[in-house]
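Listing of data-v7.cif, mmCIF, C-alpha atoms
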data_protein
loop_
_atom_site.label_atom_id
_atom_site.label_comp_id
_atom_site.auth_asym_id
_atom_site.auth_seq_id
_atom_site.Cartn_x
_atom_site.Cartn_y
_atom_site.Cartn_z
CA MET A 1 -1.50 -7.91 20.29
CA ARG A 2 -2.98 -7.04 23.67
CA LEU A 3 -3.77 -10.36 25.31
CA ALA A 4 -4.24 -8.70 28.67
CA ALA A 5 -7.62 -7.40 27.54
CA GLY A 6 -10.37 -10.01 27.43
CA ASN A 7 -10.65 -13.71 28.09
CA THR A 8 -7.99 -16.08 26.82
CA THR A 9 -8.39 -19.65 25.68
CA GLU A 10 -7.46 -22.69 27.71
CA SER A 11 -6.43 -24.57 24.56
CA SER A 12 -2.68 -25.09 24.32
CA THR A 13 -3.11 -25.91 20.61
CA LEU A 14 -4.62 -22.51 19.84
CA PHE A 15 -1.92 -20.78 21.83
CA ALA A 16 0.76 -22.72 19.93
CA VAL A 17 -0.84 -21.66 16.63
CA TYR A 18 -0.90 -18.06 17.85
CA VAL A 19 2.78 -18.11 18.86
CA GLY A 20 3.75 -19.79 15.59
CA LEU A 21 1.91 -17.17 13.54
CA LYS A 22 3.52 -14.35 15.49
CA CYS A 23 6.99 -15.83 14.95
CA LEU A 24 6.26 -16.26 11.24
CA GLN A 25 4.98 -12.70 11.10
CA ALA A 26 8.12 -11.30 12.76
CA ILE A 27 10.51 -13.28 10.54
CA SER A 28 8.66 -12.51 7.30
CA THR A 29 8.44 -8.82 8.21
CA ALA A 30 12.20 -8.63 8.83
CA LEU A 31 12.93 -10.38 5.52
CA VAL A 32 10.55 -8.11 3.62
CA PHE A 33 12.21 -5.01 5.11
CA ILE A 34 15.64 -6.26 3.98
CA LEU A 35 14.29 -7.10 0.52
CA TYR A 36 12.63 -3.69 0.26
CA ILE A 37 15.88 -1.86 1.03
CA TYR A 38 17.71 -3.95 -1.58
CA VAL A 39 15.07 -3.32 -4.27
CA VAL A 40 15.00 0.42 -3.54
CA MET A 41 18.78 0.66 -3.89
CA THR A 42 18.69 -1.35 -7.12
CA LEU A 43 15.89 0.70 -8.67
CA TRP A 44 17.55 4.01 -7.85
CA ARG A 45 20.99 2.87 -9.01
CA LYS A 46 19.94 1.33 -12.33
CA GLN A 47 17.24 3.91 -13.20
CA VAL A 48 15.39 1.44 -15.42
CA TYR A 49 12.30 3.69 -15.40
CA HIS A 50 11.63 7.41 -15.27
CA SER A 51 12.57 8.90 -11.90
CA ASN A 52 8.95 9.88 -11.20
CA LEU A 53 7.79 6.30 -11.57
CA ILE A 54 10.72 4.99 -9.53
CA VAL A 55 9.75 7.25 -6.60
CA LEU A 56 6.16 5.98 -6.70
CA LEU A 57 7.29 2.36 -6.95
CA MET A 58 9.57 2.87 -3.95
CA ALA A 59 6.70 4.48 -2.01
CA LEU A 60 4.18 1.76 -2.94
CA PRO A 61 4.95 -0.73 -0.12
CA VAL A 62 5.71 1.89 2.55
CA SER A 63 2.15 2.20 3.88
CA SER A 64 1.80 -1.54 4.38
CA LEU A 65 5.30 -1.77 5.87
CA ILE A 66 4.33 0.88 8.43
CA ALA A 67 1.13 -0.99 9.33
CA VAL A 68 2.94 -4.33 9.63
CA PHE A 69 5.80 -2.92 11.70
CA MET A 70 3.48 -1.02 14.04
CA THR A 71 1.40 -4.15 14.52
CA LEU A 72 4.52 -5.90 15.79
CA VAL A 73 5.26 -2.96 18.08
CA LEU A 74 1.70 -3.23 19.39
CA ASP A 75 2.32 -6.90 20.17
CA ILE A 76 5.44 -5.99 22.14
CA VAL A 77 3.56 -3.29 24.06
CA GLY A 78 0.81 -5.79 24.86
CA ALA A 79 3.35 -8.37 26.02
CA PHE A 80 4.61 -5.88 28.62
CA ASP A 81 1.02 -5.15 29.71
CA LEU A 82 1.16 -1.53 28.55
CA SER A 83 -2.21 -1.64 26.80
CA HIS A 84 -3.44 1.50 28.57
CA SER A 85 -0.34 3.54 27.80
CA PRO A 86 -0.78 6.70 25.64
CA LEU A 87 1.82 5.10 23.37
CA VAL A 88 -0.84 2.62 22.23
CA ASP A 89 -2.97 5.42 20.74
CA ILE A 90 0.00 6.64 18.72
CA ILE A 91 0.79 3.14 17.47
CA GLU A 92 -2.84 2.46 16.52
CA PHE A 93 -2.93 5.79 14.66
CA ALA A 94 0.14 4.68 12.70
CA VAL A 95 -1.48 1.31 11.88
CA LYS A 96 -4.62 3.06 10.60
CA SER A 97 -2.54 5.54 8.60
CA GLY A 98 -0.82 2.62 6.90
CA MET A 99 -4.19 1.30 5.75
CA PHE A 100 -5.45 4.70 4.55
CA GLY A 101 -2.14 5.46 2.86
CA GLY A 102 -2.25 2.19 0.94
CA VAL A 103 -5.36 3.09 -1.03
CA LEU A 104 -3.98 6.56 -1.81
CA ASN A 105 -1.15 4.92 -3.75
CA LEU A 106 -3.65 4.26 -6.53
CA PRO A 107 -4.52 7.92 -7.36
CA ASN A 108 -0.78 8.70 -7.36
CA PHE A 109 -0.07 6.18 -10.12
CA ILE A 110 -3.17 7.24 -12.06
CA LEU A 111 -2.19 10.93 -12.02
CA GLU A 112 1.45 10.15 -12.85
CA ARG A 113 0.44 8.02 -15.84
CA LEU A 114 -2.04 10.61 -17.08
CA ALA A 115 0.66 13.29 -16.97
CA ALA A 116 3.20 11.05 -18.71
CA THR A 117 0.73 10.05 -21.43
CA LEU A 118 -1.11 13.30 -22.15
CA LEU A 119 1.58 15.90 -21.35
CA VAL A 120 4.66 14.21 -22.74
CA ASN A 121 6.77 17.33 -23.42
CA LYS A 122 6.00 19.06 -20.12
CA TYR A 123 6.43 15.81 -18.21
CA GLU A 124 9.96 15.41 -19.57
CA GLN A 125 10.99 19.05 -19.27
CA CYS A 126 9.74 19.59 -15.70
CA ASN A 127 11.04 16.30 -14.32
CA ASN A 128 14.21 15.71 -16.30
CA ARG A 129 16.69 16.03 -13.42
CA PHE A 130 14.55 15.67 -10.32
CA PRO A 131 11.19 13.87 -9.73
CA PHE A 132 9.28 16.96 -8.59
CA PHE A 133 5.90 15.65 -9.71
CA SER A 134 6.01 12.31 -7.91
CA LEU A 135 7.44 13.86 -4.72
CA ALA A 136 4.58 16.38 -4.73
CA LEU A 137 2.12 13.49 -5.09
CA VAL A 138 3.71 11.64 -2.17
CA MET A 139 3.60 14.77 0.02
CA VAL A 140 -0.10 15.23 -0.74
CA GLN A 141 -0.64 11.54 -0.02
CA ILE A 142 0.99 11.88 3.41
CA GLY A 143 -1.14 14.91 4.25
CA LEU A 144 -4.39 13.26 3.15
CA THR A 145 -3.47 10.06 5.00
CA CYS A 146 -2.96 11.93 8.27
CA LEU A 147 -6.20 13.88 7.75
CA LEU A 148 -8.32 10.81 6.94
CA THR A 149 -6.82 8.84 9.82
CA TYR A 150 -7.57 11.69 12.22
CA LEU A 151 -11.16 12.01 10.95
CA ASN A 152 -11.61 8.27 11.42
CA THR A 153 -10.12 8.43 14.92
CA ILE A 154 -12.52 11.16 16.07
CA GLY A 155 -15.48 9.41 14.44
CA LEU A 156 -16.27 11.76 11.53
CA ILE A 157 -15.45 8.92 9.13
CA SER A 158 -16.77 5.55 10.24
CA ASN A 159 -14.95 2.31 9.52
CA LEU A 160 -17.74 1.28 7.14
CA ASP A 161 -17.44 4.61 5.29
CA GLY A 162 -13.72 3.99 4.95
CA VAL A 163 -14.26 0.52 3.50
CA ILE A 164 -16.84 1.84 1.00
CA VAL A 165 -14.47 4.60 -0.17
CA PHE A 166 -11.65 2.05 -0.45
CA MET A 167 -13.82 -0.19 -2.63
CA ILE A 168 -14.82 2.68 -4.93
CA VAL A 169 -11.21 3.82 -5.41
CA CYS A 170 -10.12 0.23 -6.04
CA ALA A 171 -12.90 -0.36 -8.59
CA VAL A 172 -11.98 2.81 -10.51
CA ALA A 173 -8.29 1.87 -10.39
CA ILE A 174 -8.91 -1.63 -11.79
CA VAL A 175 -10.79 -0.17 -14.77
CA LEU A 176 -8.16 2.49 -15.47
CA PHE A 177 -5.13 0.22 -15.17
CA SER A 178 -6.87 -2.40 -17.32
CA VAL A 179 -7.26 0.06 -20.21
CA LEU A 180 -3.91 1.80 -19.64
CA PRO A 181 -1.99 -0.37 -22.18
CA LEU A 182 -4.57 0.46 -24.87
CA ILE A 183 -4.34 4.19 -24.17
CA SER A 184 -0.53 4.13 -24.14
CA ARG A 185 -0.38 2.14 -27.38
CA ARG A 186 -2.76 4.59 -29.04
CA ALA A 187 -0.66 7.57 -27.91
CA TYR A 188 2.52 5.88 -29.18
CA GLN A 189 0.99 5.26 -32.62
CA ILE A 190 -0.23 8.86 -32.87
CA HIS A 191 3.24 10.28 -32.15
CA LEU A 192 4.80 7.88 -34.66
CA ARG A 193 2.43 9.05 -37.41
CA ARG A 194 3.04 12.70 -36.56
CA GLY A 195 6.80 12.26 -36.68
CA SER A 196 7.19 13.79 -33.22
CA ALA A 197 10.60 14.52 -31.73
CA ILE A 198 12.76 11.55 -30.78
CA SER A 199 12.48 12.35 -27.07
CA VAL A 200 8.68 12.34 -27.32
CA ARG A 201 8.61 9.05 -29.20
CA TYR A 202 11.00 7.55 -26.69
CA GLN A 203 8.80 8.67 -23.79
CA THR A 204 5.64 7.26 -25.40
CA ALA A 205 7.43 3.95 -26.02
CA GLU A 206 8.50 3.98 -22.38
CA ASN A 207 4.90 4.71 -21.38
CA LEU A 208 3.79 1.61 -23.27
CA ARG A 209 6.35 -0.53 -21.43
CA VAL A 210 5.31 0.93 -18.07
CA ALA A 211 1.62 0.42 -18.87
CA ARG A 212 2.20 -3.29 -19.35
CA LEU A 213 4.02 -3.44 -16.01
CA LEU A 214 1.34 -1.53 -14.09
CA ASN A 215 -1.46 -3.45 -15.77
CA LYS A 216 -0.29 -6.56 -13.93
CA LEU A 217 1.21 -5.00 -10.81
CA MET A 218 -1.57 -2.61 -9.83
CA VAL A 219 -4.49 -4.90 -10.64
CA LEU A 220 -3.04 -7.56 -8.34
CA TYR A 221 -2.22 -4.89 -5.73
CA VAL A 222 -5.86 -3.82 -5.80
CA CYS A 223 -7.00 -7.42 -5.36
CA PHE A 224 -4.73 -7.78 -2.34
CA PHE A 225 -5.99 -4.50 -0.90
CA ILE A 226 -9.67 -5.39 -1.32
CA THR A 227 -9.14 -8.80 0.28
CA GLU A 228 -7.22 -7.32 3.22
CA ASN A 229 -9.72 -4.59 4.02
CA LEU A 230 -12.82 -6.77 3.73
CA TYR A 231 -11.14 -9.42 5.88
CA TYR A 232 -10.09 -6.85 8.50
CA TYR A 233 -13.53 -5.24 8.63
CA VAL A 234 -15.30 -8.59 9.07
CA VAL A 235 -12.85 -9.87 11.73
CA VAL A 236 -12.75 -6.67 13.79
CA PHE A 237 -16.21 -5.14 13.38
CA VAL A 238 -18.57 -7.97 12.36
CA LEU A 239 -17.34 -11.06 14.18
CA HIS A 240 -17.10 -10.84 17.95
CA TYR A 241 -14.99 -13.30 19.93
CA ASP A 242 -14.82 -13.59 23.69
CA ASP A 243 -11.58 -15.50 23.26
CA VAL A 244 -8.77 -13.01 22.62
CA ILE A 245 -6.42 -15.68 21.26
CA VAL A 246 -8.85 -16.59 18.46
CA GLN A 247 -9.21 -12.96 17.43
CA GLU A 248 -5.45 -12.44 17.54
CA ILE A 249 -4.92 -15.49 15.32
CA LEU A 250 -7.35 -14.04 12.77
CA LEU A 251 -5.60 -10.66 12.95
CA SER A 252 -2.24 -12.39 12.45
CA VAL A 253 -3.61 -13.83 9.21
CA PHE A 254 -4.50 -10.26 8.19
CA THR A 255 -0.94 -9.11 8.91
CA THR A 256 0.40 -12.04 6.88
CA LEU A 257 -1.75 -10.89 3.96
CA MET A 258 -0.17 -7.44 4.21
CA VAL A 259 3.31 -8.96 4.21
CA ALA A 260 2.37 -10.94 1.08
CA GLU A 261 1.08 -7.74 -0.51
CA VAL A 262 4.43 -6.03 0.15
CA ARG A 263 6.39 -9.04 -1.08
CA TYR A 264 4.61 -9.32 -4.43
CA PRO A 265 5.73 -6.04 -6.08
CA LEU A 266 9.27 -6.55 -4.77
#
Please express what this file holds, its structure, as structure tokens.
Amino acid sequence: MRLAAGNTTESSTLFAVYVGLKCLQAISTALVFILYIYVVMTLWRKQVYHSNLIVLLMALPVSSLIAVFMTLVLDIVGAFDLSHSPLVDIIEFAVKSGMFGGVLNLPNFILERLAATLLVNKYEQCNNRFPFFSLALVMVQIGLTCLLTYLNTIGLISNLDGVIVFMIVCAVAIVLFSVLPLISRRAYQIHLRRGSAISVRYQTAENLRVARLLNKLMVLYVCFFITENLYYYVVVFVLHYDDVIVQEILLSVFTTLMVAEVRYPL
């Protein structure tokens, strides 16, 4: 990132590792962006899931992609010795927003699944032609992300507070997504016994299929997210290095974890 600030190492080996990690980070980020565009186009064209779920799946990696891309931009700004430019504050705000936005993906999926499971008829009728519900969730997510990032920037929410909230949300999400297949199966069986309309039975069967997908996808996403945030907090706020290169190498590992997180659901 900003090697101009602080002391740098005299070790050519460490510098070579740093450069190698940055090159790997840039290449992997470019490949993930290309893959993301391809997957989004495929999902929207084939419509293999309900449009509400497709929108949330497309939005899932966006927060991490923003954080990864802005980290690269920060590296470029640092390379040109522009560390004190007002542009840096904007970029760092975007990086933080990517981290806050990532955890807010979880409530979106939870609310969408609750609506699809408990309000089957209304869910289908209100979102048959256009994914109003999921788009509303994404808009709220963007607003909350900007608000939380701003509160963190001005110091009303400390970094430790943010990590604690992240952990609580992740713990709740793991429990809910673990039991989601059981809840969806139960709802499907109830509608079968009642002889509900074909559209309702189809939606509950679809809910069961989606529950199995999210049970694996979201639990692993949460594991990635917990690992990333604990790692970042320890590296940035617990460990203190006089050598900027060492810290930048550790932060490059963090960015690589985010790229891996984006790559997995794709």
| Applied to the shown file, which residues does the PyMOL selection byres ((chain A and resi 209-222) around 8) return, written as an NGL selection string? | :A and (49 or 106 or 170 or 173-174 or 177-178 or 180-181 or 184 or 205-208 or 223-226 or 261 or 265)
| query | In Å, how far is it from atom CA of A:Ala94 to atom CA of A:Thr149? | reply |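 Here the two named atoms are 8.6 Å from each other.
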Residues near A:Glu124, cut-off 12 Å, only C-alpha atoms, skip fewer than 3 positions along chain, as a PDB file with C-alpha atoms, in the coordinates of the input:
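Saved result, out-v7.pdb, follows:
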ATOM      1  CA  HIS A  50      11.630   7.410 -15.270  1.00  0.00           C
ATOM      2  CA  SER A  51      12.570   8.900 -11.900  1.00  0.00           C
ATOM      3  CA  ASN A  52       8.950   9.880 -11.200  1.00  0.00           C
ATOM      4  CA  ALA A 115       0.660  13.290 -16.970  1.00  0.00           C
ATOM      5  CA  ALA A 116       3.200  11.050 -18.710  1.00  0.00           C
ATOM      6  CA  THR A 117       0.730  10.050 -21.430  1.00  0.00           C
ATOM      7  CA  LEU A 118      -1.110  13.300 -22.150  1.00  0.00           C
ATOM      8  CA  LEU A 119       1.580  15.900 -21.350  1.00  0.00           C
ATOM      9  CA  VAL A 120       4.660  14.210 -22.740  1.00  0.00           C
ATOM     10  CA  ASN A 121       6.770  17.330 -23.420  1.00  0.00           C
ATOM     11  CA  ASN A 127      11.040  16.300 -14.320  1.00  0.00           C
ATOM     12  CA  ASN A 128      14.210  15.710 -16.300  1.00  0.00           C
ATOM     13  CA  ARG A 129      16.690  16.030 -13.420  1.00  0.00           C
ATOM     14  CA  PHE A 130      14.550  15.670 -10.320  1.00  0.00           C
ATOM     15  CA  PRO A 131      11.190  13.870  -9.730  1.00  0.00           C
ATOM     16  CA  PHE A 132       9.280  16.960  -8.590  1.00  0.00           C
ATOM     17  CA  PHE A 133       5.900  15.650  -9.710  1.00  0.00           C
ATOM     18  CA  SER A 199      12.480  12.350 -27.070  1.00  0.00           C
ATOM     19  CA  VAL A 200       8.680  12.340 -27.320  1.00  0.00           C
ATOM     20  CA  ARG A 201       8.610   9.050 -29.200  1.00  0.00           C
ATOM     21  CA  TYR A 202      11.000   7.550 -26.690  1.00  0.00           C
ATOM     22  CA  GLN A 203       8.800   8.670 -23.790  1.00  0.00           C
ATOM     23  CA  THR A 204       5.640   7.260 -25.400  1.00  0.00           C
ATOM     24  CA  GLU A 206       8.500   3.980 -22.380  1.00  0.00           C
ATOM     25  CA  ASN A 207       4.900   4.710 -21.380  1.00  0.00           C
TER      26      ASN A 207
END
| request: Please write the residues picked by the PyMOL selection byres ((chain A and resi 68) around 9) on this file as a VMD selection string. | output: chain A and resid 25 29 63 to 67 69 to 73 95 98 255 to 256 258 to 259
| Shell of 10 Å around A:Leu43, all atoms listed in the file, local chain residues under 3 positions omitted, as a ChimeraX atom specification | /A:38-40,46-49,51,54-55,57-58
Those same residues - C-alpha atoms - I'd like them written as a JSON list (two decimals), keeping the file's coordinate frame.
[["chain", "number", "residue", "atom", "x", "y", "z"],
["A", 38, "TYR", "CA", 17.71, -3.95, -1.58],
["A", 39, "VAL", "CA", 15.07, -3.32, -4.27],
["A", 40, "VAL", "CA", 15.00, 0.42, -3.54],
["A", 46, "LYS", "CA", 19.94, 1.33, -12.33],
["A", 47, "GLN", "CA", 17.24, 3.91, -13.20],
["A", 48, "VAL", "CA", 15.39, 1.44, -15.42],
["A", 49, "TYR", "CA", 12.30, 3.69, -15.40],
["A", 51, "SER", "CA", 12.57, 8.90, -11.90],
["A", 54, "ILE", "CA", 10.72, 4.99, -9.53],
["A", 55, "VAL", "CA", 9.75, 7.25, -6.60],
["A", 57, "LEU", "CA", 7.29, 2.36, -6.95],
["A", 58, "MET", "CA", 9.57, 2.87, -3.95]]
| request: Take the PyMOL selection byres ((chain A and resi 90) around 12), apply it to the structure above, and return the hits as a PyMOL selection string. | output: chain A and resi 70-71+73-74+77+83-89+91-97+149-150+153
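Interatomic distance, atom CA of A:Tyr188 against atom CA of A:Leu114: 13.8 Å.
In this structure, atom CA of A:Leu111 sits 28.3 Å away from atom CA of A:Tyr232.
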| task | Identify which of the residues A:Pro107, A:Ile245, A:His240, A:Leu257 lies closest to A:Phe166, counting all atoms listed in the file when measuring atom-to-atom distances. | result |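 The closest residue to A:Phe166 is A:Pro107.
Proximity of A:Ile110, A:Leu24, A:Val238, A:Met41 to A:Leu137, computed with only C-alpha atoms, is greatest for A:Ile110.
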| task | Name the closest residue to A:Leu53 among the candidates A:Phe33, A:Asn105, A:Ser134, A:Ala16; distances are taken between atoms, counting all atoms listed in the file. | result |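 Among A:Phe33, A:Asn105, A:Ser134, A:Ala16, it is A:Ser134 that comes nearest to A:Leu53.
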| field | Residues near A:Phe254, cut-off 10 Å, all atoms listed in the file, skip fewer than 5 positions along chain, as an NGL selection string | value | :A and (68 or 227-229 or 231-232 or 235 or 248-249 or 259-260)
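If only C-alpha atoms are the atoms counted, then among A:Val236, A:Val169, A:Val62, A:Cys146 the closest residue to A:Val103 is A:Val169.
Among the candidate residues A:Gly101, A:Gln189, A:Met167, A:Leu160, the one lying nearest to A:Phe237 is A:Leu160, with distances computed using only C-alpha atoms.
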Taking N, CA and C atoms as the atom set, what does stretch 177-211 of chain A look like once completed, written as a short mmCIF file (atom, residue, chain, number, x, y, z; two decimals), keeping the file's coordinate frame?
data_model
loop_
_atom_site.label_atom_id
_atom_site.label_comp_id
_atom_site.auth_asym_id
_atom_site.auth_seq_id
_atom_site.Cartn_x
_atom_site.Cartn_y
_atom_site.Cartn_z
N PHE A 177 -6.37 0.94 -14.89
CA PHE A 177 -5.13 0.22 -15.17
C PHE A 177 -5.34 -0.90 -16.18
N SER A 178 -6.58 -1.38 -16.32
CA SER A 178 -6.87 -2.40 -17.32
C SER A 178 -6.82 -1.82 -18.74
N VAL A 179 -7.26 -0.57 -18.88
CA VAL A 179 -7.26 0.06 -20.21
C VAL A 179 -6.00 0.86 -20.48
N LEU A 180 -5.13 1.00 -19.49
CA LEU A 180 -3.91 1.80 -19.64
C LEU A 180 -3.04 1.35 -20.81
N PRO A 181 -2.80 0.04 -21.02
CA PRO A 181 -1.99 -0.37 -22.18
C PRO A 181 -2.60 0.08 -23.51
N LEU A 182 -3.92 0.03 -23.63
CA LEU A 182 -4.57 0.46 -24.87
C LEU A 182 -4.37 1.95 -25.11
N ILE A 183 -4.53 2.74 -24.05
CA ILE A 183 -4.34 4.19 -24.17
C ILE A 183 -2.89 4.53 -24.52
N SER A 184 -1.96 3.87 -23.88
CA SER A 184 -0.53 4.13 -24.14
C SER A 184 -0.15 3.71 -25.55
N ARG A 185 -0.68 2.59 -26.02
CA ARG A 185 -0.38 2.14 -27.38
C ARG A 185 -0.94 3.13 -28.40
N ARG A 186 -2.14 3.62 -28.14
CA ARG A 186 -2.76 4.59 -29.04
C ARG A 186 -1.93 5.87 -29.09
N ALA A 187 -1.48 6.35 -27.95
CA ALA A 187 -0.66 7.57 -27.91
C ALA A 187 0.66 7.36 -28.65
N TYR A 188 1.26 6.18 -28.50
CA TYR A 188 2.52 5.88 -29.18
C TYR A 188 2.33 5.89 -30.70
N GLN A 189 1.26 5.30 -31.18
CA GLN A 189 0.99 5.26 -32.62
C GLN A 189 0.74 6.65 -33.18
N ILE A 190 0.04 7.49 -32.42
CA ILE A 190 -0.23 8.86 -32.87
C ILE A 190 1.07 9.64 -33.03
N HIS A 191 1.97 9.55 -32.07
CA HIS A 191 3.24 10.28 -32.15
C HIS A 191 4.14 9.73 -33.25
N LEU A 192 4.04 8.44 -33.54
CA LEU A 192 4.80 7.88 -34.66
C LEU A 192 4.31 8.46 -35.98
N ARG A 193 2.99 8.52 -36.16
CA ARG A 193 2.43 9.05 -37.41
C ARG A 193 2.75 10.54 -37.58
N ARG A 194 2.76 11.26 -36.48
CA ARG A 194 3.04 12.70 -36.56
C ARG A 194 4.52 13.01 -36.78
N GLY A 195 5.36 12.02 -36.57
CA GLY A 195 6.80 12.26 -36.68
C GLY A 195 7.30 13.16 -35.57
N SER A 196 6.80 12.96 -34.37
CA SER A 196 7.19 13.79 -33.22
C SER A 196 8.68 13.65 -32.93
N ALA A 197 9.18 14.53 -32.09
CA ALA A 197 10.60 14.52 -31.73
C ALA A 197 10.99 13.16 -31.13
N ILE A 198 12.27 12.84 -31.26
CA ILE A 198 12.76 11.55 -30.78
C ILE A 198 12.50 11.38 -29.29
N SER A 199 12.70 12.45 -28.52
CA SER A 199 12.48 12.35 -27.07
C SER A 199 11.02 12.03 -26.75
N VAL A 200 10.11 12.60 -27.54
CA VAL A 200 8.68 12.34 -27.32
C VAL A 200 8.34 10.90 -27.67
N ARG A 201 8.88 10.44 -28.81
CA ARG A 201 8.61 9.05 -29.20
C ARG A 201 9.22 8.06 -28.21
N TYR A 202 10.37 8.41 -27.69
CA TYR A 202 11.00 7.55 -26.69
C TYR A 202 10.14 7.47 -25.43
N GLN A 203 9.62 8.64 -25.00
CA GLN A 203 8.80 8.67 -23.79
C GLN A 203 7.50 7.88 -23.98
N THR A 204 6.88 8.00 -25.16
CA THR A 204 5.64 7.26 -25.40
C THR A 204 5.90 5.75 -25.48
N ALA A 205 7.07 5.37 -26.02
CA ALA A 205 7.43 3.95 -26.02
C ALA A 205 7.67 3.46 -24.59
N GLU A 206 8.30 4.31 -23.79
CA GLU A 206 8.50 3.98 -22.38
C GLU A 206 7.16 3.88 -21.65
N ASN A 207 6.23 4.77 -21.99
CA ASN A 207 4.90 4.71 -21.38
C ASN A 207 4.20 3.39 -21.68
N LEU A 208 4.39 2.89 -22.89
CA LEU A 208 3.79 1.61 -23.27
C LEU A 208 4.38 0.48 -22.44
N ARG A 209 5.68 0.50 -22.24
CA ARG A 209 6.35 -0.53 -21.43
C ARG A 209 5.88 -0.47 -19.98
N VAL A 210 5.76 0.75 -19.45
CA VAL A 210 5.31 0.93 -18.07
C VAL A 210 3.85 0.50 -17.92
N ALA A 211 3.04 0.79 -18.93
CA ALA A 211 1.62 0.42 -18.87
C ALA A 211 1.45 -1.08 -18.74
#
